[in-house]
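Asks: Pasting query.cif below, which is mmCIF, C-alpha atoms and all ligand atoms.
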data_entry
loop_
_atom_site.label_atom_id
_atom_site.label_comp_id
_atom_site.auth_asym_id
_atom_site.auth_seq_id
_atom_site.Cartn_x
_atom_site.Cartn_y
_atom_site.Cartn_z
CA MET A 26 5.80 12.26 14.32
CA LYS A 27 8.78 9.96 14.70
CA PHE A 28 10.28 7.91 11.86
CA PHE A 29 10.98 4.21 12.27
CA LEU A 30 12.51 2.10 9.51
CA ASP A 31 10.53 -1.00 8.56
CA THR A 32 13.28 -3.45 7.65
CA ALA A 33 15.60 -6.13 8.97
CA ASP A 34 18.36 -5.20 6.51
CA LEU A 35 21.45 -4.09 8.46
CA SER A 36 22.91 -1.95 5.66
CA GLU A 37 19.62 -0.07 5.19
CA ILE A 38 19.44 0.54 8.95
CA GLU A 39 23.05 1.70 9.09
CA GLU A 40 22.52 4.09 6.18
CA VAL A 41 19.26 5.60 7.42
CA ALA A 42 20.60 5.90 10.98
CA SER A 43 23.45 7.98 9.52
CA TRP A 44 20.91 10.49 8.13
CA GLY A 45 20.25 11.59 11.70
CA ALA A 46 16.47 11.31 12.03
CA LEU A 47 15.88 7.64 12.73
CA ALA A 48 13.99 6.95 15.97
CA GLY A 49 13.49 3.17 15.79
CA VAL A 50 13.13 0.02 13.67
CA THR A 51 10.36 -2.51 13.14
CA THR A 52 10.92 -6.00 11.78
CA ASN A 53 8.67 -8.96 11.09
CA PRO A 54 9.27 -12.59 10.05
CA SER A 55 8.92 -11.74 6.34
CA LEU A 56 11.44 -8.90 6.57
CA TYR A 57 13.92 -11.18 8.35
CA ALA A 58 13.38 -13.95 5.74
CA ARG A 59 14.11 -11.35 3.03
CA THR A 60 17.63 -10.85 4.47
CA GLY A 61 18.36 -14.56 3.84
CA GLY A 62 18.86 -15.03 7.59
CA LYS A 63 18.42 -18.43 9.22
CA LEU A 64 16.52 -19.36 12.39
CA GLU A 65 19.68 -19.91 14.44
CA ASP A 66 20.91 -16.39 13.62
CA PHE A 67 17.61 -14.61 14.32
CA GLU A 68 18.33 -13.42 17.85
CA GLY A 69 21.90 -12.41 17.02
CA HIS A 70 20.57 -10.42 14.06
CA LEU A 71 18.04 -8.59 16.24
CA LYS A 72 20.79 -7.82 18.73
CA LYS A 73 22.88 -6.26 15.93
CA ILE A 74 19.91 -4.07 14.95
CA CYS A 75 19.47 -2.98 18.58
CA ASP A 76 23.15 -1.97 18.67
CA LEU A 77 22.79 0.11 15.48
CA VAL A 78 19.70 2.03 16.54
CA ASP A 79 19.21 4.59 19.25
CA GLY A 80 15.54 3.78 19.85
CA PRO A 81 13.05 0.93 20.08
CA VAL A 82 13.51 -2.12 17.85
CA SER A 83 10.54 -4.45 17.35
CA GLY A 84 11.18 -8.18 16.95
CA GLU A 85 8.19 -10.41 16.35
CA VAL A 86 7.24 -13.64 18.10
CA THR A 87 6.38 -16.62 15.91
CA ALA A 88 4.80 -18.85 18.56
CA GLU A 89 1.03 -19.15 18.21
CA ASP A 90 -0.03 -19.92 21.78
CA ARG A 91 0.13 -17.53 24.73
CA ASP A 92 2.72 -19.48 26.72
CA GLY A 93 4.98 -19.79 23.69
CA MET A 94 4.60 -16.09 22.90
CA VAL A 95 5.42 -15.16 26.49
CA GLU A 96 8.49 -17.41 26.55
CA GLN A 97 9.74 -16.12 23.20
CA GLY A 98 8.90 -12.53 24.18
CA ARG A 99 10.93 -12.77 27.39
CA LYS A 100 13.90 -14.15 25.44
CA LEU A 101 13.71 -11.37 22.85
CA ALA A 102 13.31 -8.65 25.49
CA ALA A 103 16.44 -9.92 27.24
CA LEU A 104 18.53 -9.29 24.10
CA ALA A 105 18.78 -5.52 24.63
CA ASP A 106 17.27 -2.64 26.58
CA ASN A 107 15.72 -1.18 23.42
CA MET A 108 14.05 -4.42 22.33
CA VAL A 109 10.27 -4.30 21.90
CA VAL A 110 8.30 -7.53 21.51
CA LYS A 111 5.96 -7.53 18.53
CA ILE A 112 2.84 -9.65 18.93
CA PRO A 113 -0.06 -10.15 16.49
CA VAL A 114 -3.50 -9.12 17.71
CA CYS A 115 -5.54 -12.24 18.49
CA VAL A 116 -6.83 -13.88 21.69
CA GLU A 117 -3.50 -15.58 22.42
CA GLY A 118 -1.59 -12.40 21.55
CA LEU A 119 -3.69 -10.23 23.87
CA ALA A 120 -3.18 -12.66 26.76
CA ALA A 121 0.58 -12.75 26.13
CA THR A 122 0.65 -8.95 25.95
CA ARG A 123 -1.03 -8.68 29.35
CA THR A 124 1.62 -10.96 30.90
CA LEU A 125 4.62 -9.35 29.21
CA SER A 126 3.48 -5.77 29.81
CA SER A 127 2.87 -6.53 33.49
CA GLU A 128 6.54 -7.63 33.63
CA GLY A 129 7.60 -4.24 32.23
CA ILE A 130 8.28 -5.53 28.70
CA ASP A 131 7.18 -3.19 25.91
CA VAL A 132 4.85 -4.80 23.37
CA ASN A 133 4.09 -3.61 19.84
CA MET A 134 0.72 -5.09 18.84
CA THR A 135 0.80 -5.73 15.12
CA LEU A 136 -1.58 -6.62 12.26
CA VAL A 137 -4.17 -4.18 13.60
CA PHE A 138 -7.00 -3.48 11.14
CA SER A 139 -9.86 -2.16 13.28
CA VAL A 140 -10.73 0.19 16.14
CA PRO A 141 -11.83 -2.63 18.50
CA GLN A 142 -8.54 -4.46 17.90
CA ALA A 143 -6.60 -1.27 18.72
CA LEU A 144 -8.59 -0.58 21.89
CA LEU A 145 -8.21 -4.17 23.10
CA ALA A 146 -4.46 -4.00 22.42
CA ALA A 147 -4.16 -0.84 24.52
CA ARG A 148 -6.29 -2.35 27.31
CA ALA A 149 -4.10 -5.47 27.33
CA GLY A 150 -1.09 -3.22 27.99
CA ALA A 151 0.45 -2.74 24.53
CA ARG A 152 2.92 0.16 24.47
CA TYR A 153 2.68 0.48 20.66
CA ILE A 154 -0.20 -0.27 18.29
CA SER A 155 0.48 -0.84 14.59
CA PRO A 156 -2.44 -0.28 12.20
CA PHE A 157 -1.52 -1.37 8.65
CA ILE A 158 -2.39 1.14 5.93
CA GLY A 159 -1.16 -0.45 2.69
CA ARG A 160 -2.51 -3.95 3.27
CA PHE A 161 -5.94 -2.46 3.97
CA ASP A 162 -5.73 -0.51 0.70
CA ASP A 163 -4.73 -3.76 -1.04
CA ILE A 164 -8.17 -5.24 -0.35
CA ALA A 165 -9.87 -2.10 -1.69
CA GLU A 166 -10.51 -0.68 1.80
CA ASP A 167 -9.48 2.76 3.05
CA GLY A 168 -6.22 2.27 4.95
CA LEU A 169 -5.79 5.94 5.86
CA GLY A 170 -9.44 6.27 6.94
CA GLN A 171 -8.98 3.26 9.17
CA LEU A 172 -5.81 4.76 10.69
CA GLU A 173 -7.64 8.01 11.37
CA ASP A 174 -10.45 6.18 13.19
CA ILE A 175 -7.90 4.29 15.30
CA VAL A 176 -5.96 7.45 16.19
CA THR A 177 -9.19 9.23 17.20
CA ALA A 178 -10.51 6.30 19.25
CA VAL A 179 -7.25 5.55 21.07
CA LYS A 180 -6.64 9.23 21.90
CA ASN A 181 -10.11 9.42 23.48
CA TYR A 182 -8.97 7.34 26.47
CA ASP A 183 -6.39 7.08 29.21
CA PHE A 184 -5.10 3.52 29.38
CA GLY A 185 -2.97 4.12 32.47
CA HIS A 186 0.24 3.75 30.44
CA GLU A 187 1.76 5.44 27.40
CA VAL A 188 0.37 4.18 24.09
CA GLU A 189 1.84 5.25 20.75
CA ILE A 190 0.31 4.53 17.38
CA ILE A 191 2.67 3.37 14.66
CA ALA A 192 1.35 3.90 11.13
CA ALA A 193 2.55 0.69 9.48
CA SER A 194 2.44 -0.91 6.03
CA VAL A 195 3.42 2.49 4.66
CA ARG A 196 3.90 2.59 0.90
CA SER A 197 4.30 6.27 -0.01
CA ALA A 198 5.25 9.75 1.11
CA ASN A 199 1.55 10.61 1.04
CA HIS A 200 0.85 7.88 3.60
CA VAL A 201 3.43 9.58 5.84
CA THR A 202 1.90 13.03 5.25
CA GLN A 203 -1.62 11.90 6.04
CA ALA A 204 -0.53 9.85 9.07
CA ALA A 205 1.23 12.92 10.48
CA LEU A 206 -1.78 15.17 9.83
CA MET A 207 -4.09 12.82 11.70
CA GLY A 208 -1.73 12.62 14.67
CA ALA A 209 -0.12 9.17 14.40
CA ASP A 210 2.84 9.18 16.80
CA ILE A 211 5.19 7.19 14.56
CA ALA A 212 5.39 6.06 10.93
CA THR A 213 7.37 2.92 10.21
CA VAL A 214 8.57 3.33 6.67
CA PRO A 215 10.36 0.90 4.33
CA TYR A 216 13.71 2.06 2.91
CA ALA A 217 12.37 2.85 -0.61
CA ALA A 218 9.47 4.93 0.75
CA MET A 219 11.84 6.66 3.21
CA LYS A 220 13.94 7.84 0.25
CA LYS A 221 10.79 9.10 -1.48
CA CYS A 222 10.03 11.13 1.66
CA ILE A 223 13.26 13.08 1.18
CA LYS A 224 12.95 13.73 -2.54
CA HIS A 225 10.96 16.54 -4.12
CA PRO A 226 11.29 17.66 -7.76
CA LEU A 227 11.31 21.33 -6.74
CA THR A 228 14.15 20.68 -4.30
CA ASP A 229 16.14 19.03 -7.13
CA GLN A 230 15.34 21.91 -9.50
CA GLY A 231 16.25 24.48 -6.86
CA LEU A 232 19.58 22.78 -6.20
CA ALA A 233 20.40 22.66 -9.93
CA LYS A 234 19.62 26.38 -10.24
CA PHE A 235 21.75 27.32 -7.23
CA LYS A 236 24.60 25.26 -8.64
CA ALA A 237 24.33 26.88 -12.09
CA ASP A 238 24.18 30.40 -10.62
CA TRP A 239 27.14 29.68 -8.35
CA GLU A 240 29.16 28.72 -11.43
CA LYS A 241 28.51 32.28 -12.75
CA VAL A 242 29.84 33.76 -9.50
CA LYS A 243 33.00 31.70 -9.84
C1 LIG B 301 4.87 -3.26 10.68
O1 LIG B 301 5.53 -3.15 11.67
C2 LIG B 301 5.11 -4.22 9.58
O2 LIG B 301 6.44 -4.69 9.61
C3 LIG B 301 4.94 -3.63 8.22
O3 LIG B 301 4.68 -2.28 8.21
C4 LIG B 301 4.32 -4.53 7.22
O4 LIG B 301 3.97 -3.85 6.06
P1 LIG B 301 3.85 -4.47 4.61
O5 LIG B 301 2.43 -4.40 4.24
O6 LIG B 301 4.69 -3.55 3.76
O7 LIG B 301 4.40 -5.86 4.66
#
Let me see the file written as structure tokens.
Ligand code: E4P
Replies:
Amino acid sequence: MKFFLDTADLSEIEEVASWGALAGVTTNPSLYARTGGKLEDFEGHLKKICDLVDGPVSGEVTAEDRDGMVEQGRKLAALADNMVVKIPVCVEGLAATRTLSSEGIDVNMTLVFSVPQALLAARAGARYISPFIGRFDDIAEDGLGQLEDIVTAVKNYDFGHEVEIIAASVRSANHVTQAALMGADIATVPYAAMKKCIKHPLTDQGLAKFKADWEKVK
């Protein structure tokens, strides 16, 4: 499984990229708003992220009709070679995905919460499909169970193009573990959860013991 960072924060991206295992970044309008960025700086900001990351960077359209999504998607895709256009799954989004994917633009279909949505996204030409785990859990549903169903269903078929499933709305290291065990291709993980993925109390204890024993050697 590959690790993407789910953020629009440049310093978080820079730091995690320096760890050596970052394969991509996903952003959304809320994550960009959280940086304090303004509308006029949005494209420049995405371009900076694309320059920092050696891998796909998803930038989301905000238009709500298919023509607007296509126009915005083309503009975003032109920012950098590694730009992926993120589009919400809905009738207009599927139609825009068909147009953009037929032009060779990679689409990440987002806000996916069901197997039919995922299959329709793949059929419309989406290169990436993003089922949300945490937000499903938030409404007392089984986010990981839903992800597993989507992985199984999508991997049953050949869509005539590569389709990768991004486990999104990840809140914990356990979400990452379970997503990997069920065969999700990618997990997009927020900075705080990414740090939790590295930490383990036994690793910390082991390091402290090695350090103490090394002092005896000295
Ligand atoms: C996916 O690409 C989204 O940006 C993201 O994972 C949203 O998750 P949230 O539920 O933490 O907002």
Asks: Please provide as a ChimeraX atom specification all residues within 12 Å of Lys73 of chain A, with the sequence filter that same-chain residues fewer than 6 positions apart are discarded (counting all atoms listed in the file).
Replies: /A:33-36,38-39,50,66-67,79,82,84,104-105,107-108
Asks: Which distance in Å separates atom C1 of ligand LIG 301 (chain B) and atom CA of Glu37 of chain A, to one decimal?
Replies: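 A separation of 16.1 Å between them.
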Asks: Select the residues contacting ligand LIG 301 (chain B) at a distance of at most 8 Å, based on all atoms listed in the file, then format the selection as a list of chain:residue names.
Replies: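 After applying the 8 Å limit, what remains is A:Asp31, A:Thr32, A:Thr51, A:Thr52, A:Asn53, A:Ser55, A:Leu56, A:Ser83, A:Thr135, A:Leu136, A:Ser155, A:Phe157, A:Ile158, A:Gly159, A:Arg160, A:Ile191, A:Ala192, A:Ala193, A:Ser194, A:Val195, A:Arg196, A:Thr213, A:Val214, A:Pro215.
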Asks: Which residues are near Glu117 of chain A? Cut-off 7 Å, all atoms listed in the file, ignore same chain within fewer than 3 positions. Put them as a ChimeraX atom specification.
Replies: /A:90-91,120-121
Asks: Which of these residues is nearest to Ala151 of chain A, using all atoms listed in the file: A:Glu96, A:Glu240, A:Asp131, A:Glu68?
Replies: A:Asp131
Asks: Within 6 Å of Ile190 of chain A, counting only C-alpha atoms, which residues qualify if same-chain residues fewer than 5 places away don't, as a list in words?
Replies: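 Within the cut-off, the hits are Tyr153, Ile154, Ala209 and Asp210 of chain A.
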Asks: Please save C-alpha atoms of the selected residues as a PDB file, in the coordinates of the input.
Replies:
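Once everything was written out, this is out06.pdb:
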ATOM      1  CA  TYR A 153       2.680   0.480  20.660  1.00  0.00           C
ATOM      2  CA  ILE A 154      -0.200  -0.270  18.290  1.00  0.00           C
ATOM      3  CA  ALA A 209      -0.120   9.170  14.400  1.00  0.00           C
ATOM      4  CA  ASP A 210       2.840   9.180  16.800  1.00  0.00           C
TER       5      ASP A 210
END
Asks: Could you tell me how far atom CA of Leu119 of chain A lies from atom CA of Phe161 of chain A, in Å and to one decimal?
Replies: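 Computing the Euclidean distance for atom CA of Leu119 of chain A and atom CA of Phe161 of chain A yields 21.5 Å.
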Asks: Residues within 7 Å of (-11.2, 0.3, 12.0), file coordinates, counting only C-alpha atoms: what are they? Give the list as a PDB file with C-alpha atoms, in the coordinates of the input.
Replies:
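What landed in out_9.pdb:
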ATOM      1  CA  PHE A 138      -7.000  -3.480  11.140  1.00  0.00           C
ATOM      2  CA  SER A 139      -9.860  -2.160  13.280  1.00  0.00           C
ATOM      3  CA  VAL A 140     -10.730   0.190  16.140  1.00  0.00           C
ATOM      4  CA  GLN A 171      -8.980   3.260   9.170  1.00  0.00           C
ATOM      5  CA  ASP A 174     -10.450   6.180  13.190  1.00  0.00           C
ATOM      6  CA  ILE A 175      -7.900   4.290  15.300  1.00  0.00           C
TER       7      ILE A 175
END
Asks: So what do you get for atom CA of Cys115 of chain A versus atom CA of Val201 of chain A, distance-wise?
Replies: 26.8 Å
Asks: Between A:Ala102, A:Ala217, A:Val78, A:Val41, which one has atoms that come closest to Ser126 of chain A, using all atoms listed in the file?
Replies: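 Going through A:Ala102, A:Ala217, A:Val78, A:Val41 one by one, the smallest distance to Ser126 of chain A is for A:Ala102.
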Asks: Out of A:Arg99, A:His225, A:Arg152, A:His186, which residue has the shortest atom-to-atom distance to Glu128 of chain A when counting only C-alpha atoms?
Replies: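 Ranking A:Arg99, A:His225, A:Arg152, A:His186 by distance to Glu128 of chain A, first place goes to A:Arg99.
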Asks: Please report, as AutoDock Vina command-line options, the centre and edge lengths in Å to one decimal of an axis-aligned box covering all listed atoms of segment 117-133 of chain A with 3 Å per side.
Replies:
--center_x 2.3 --center_y -9.4 --center_z 26.7 --size_x 18.0 --size_y 18.4 --size_z 19.8
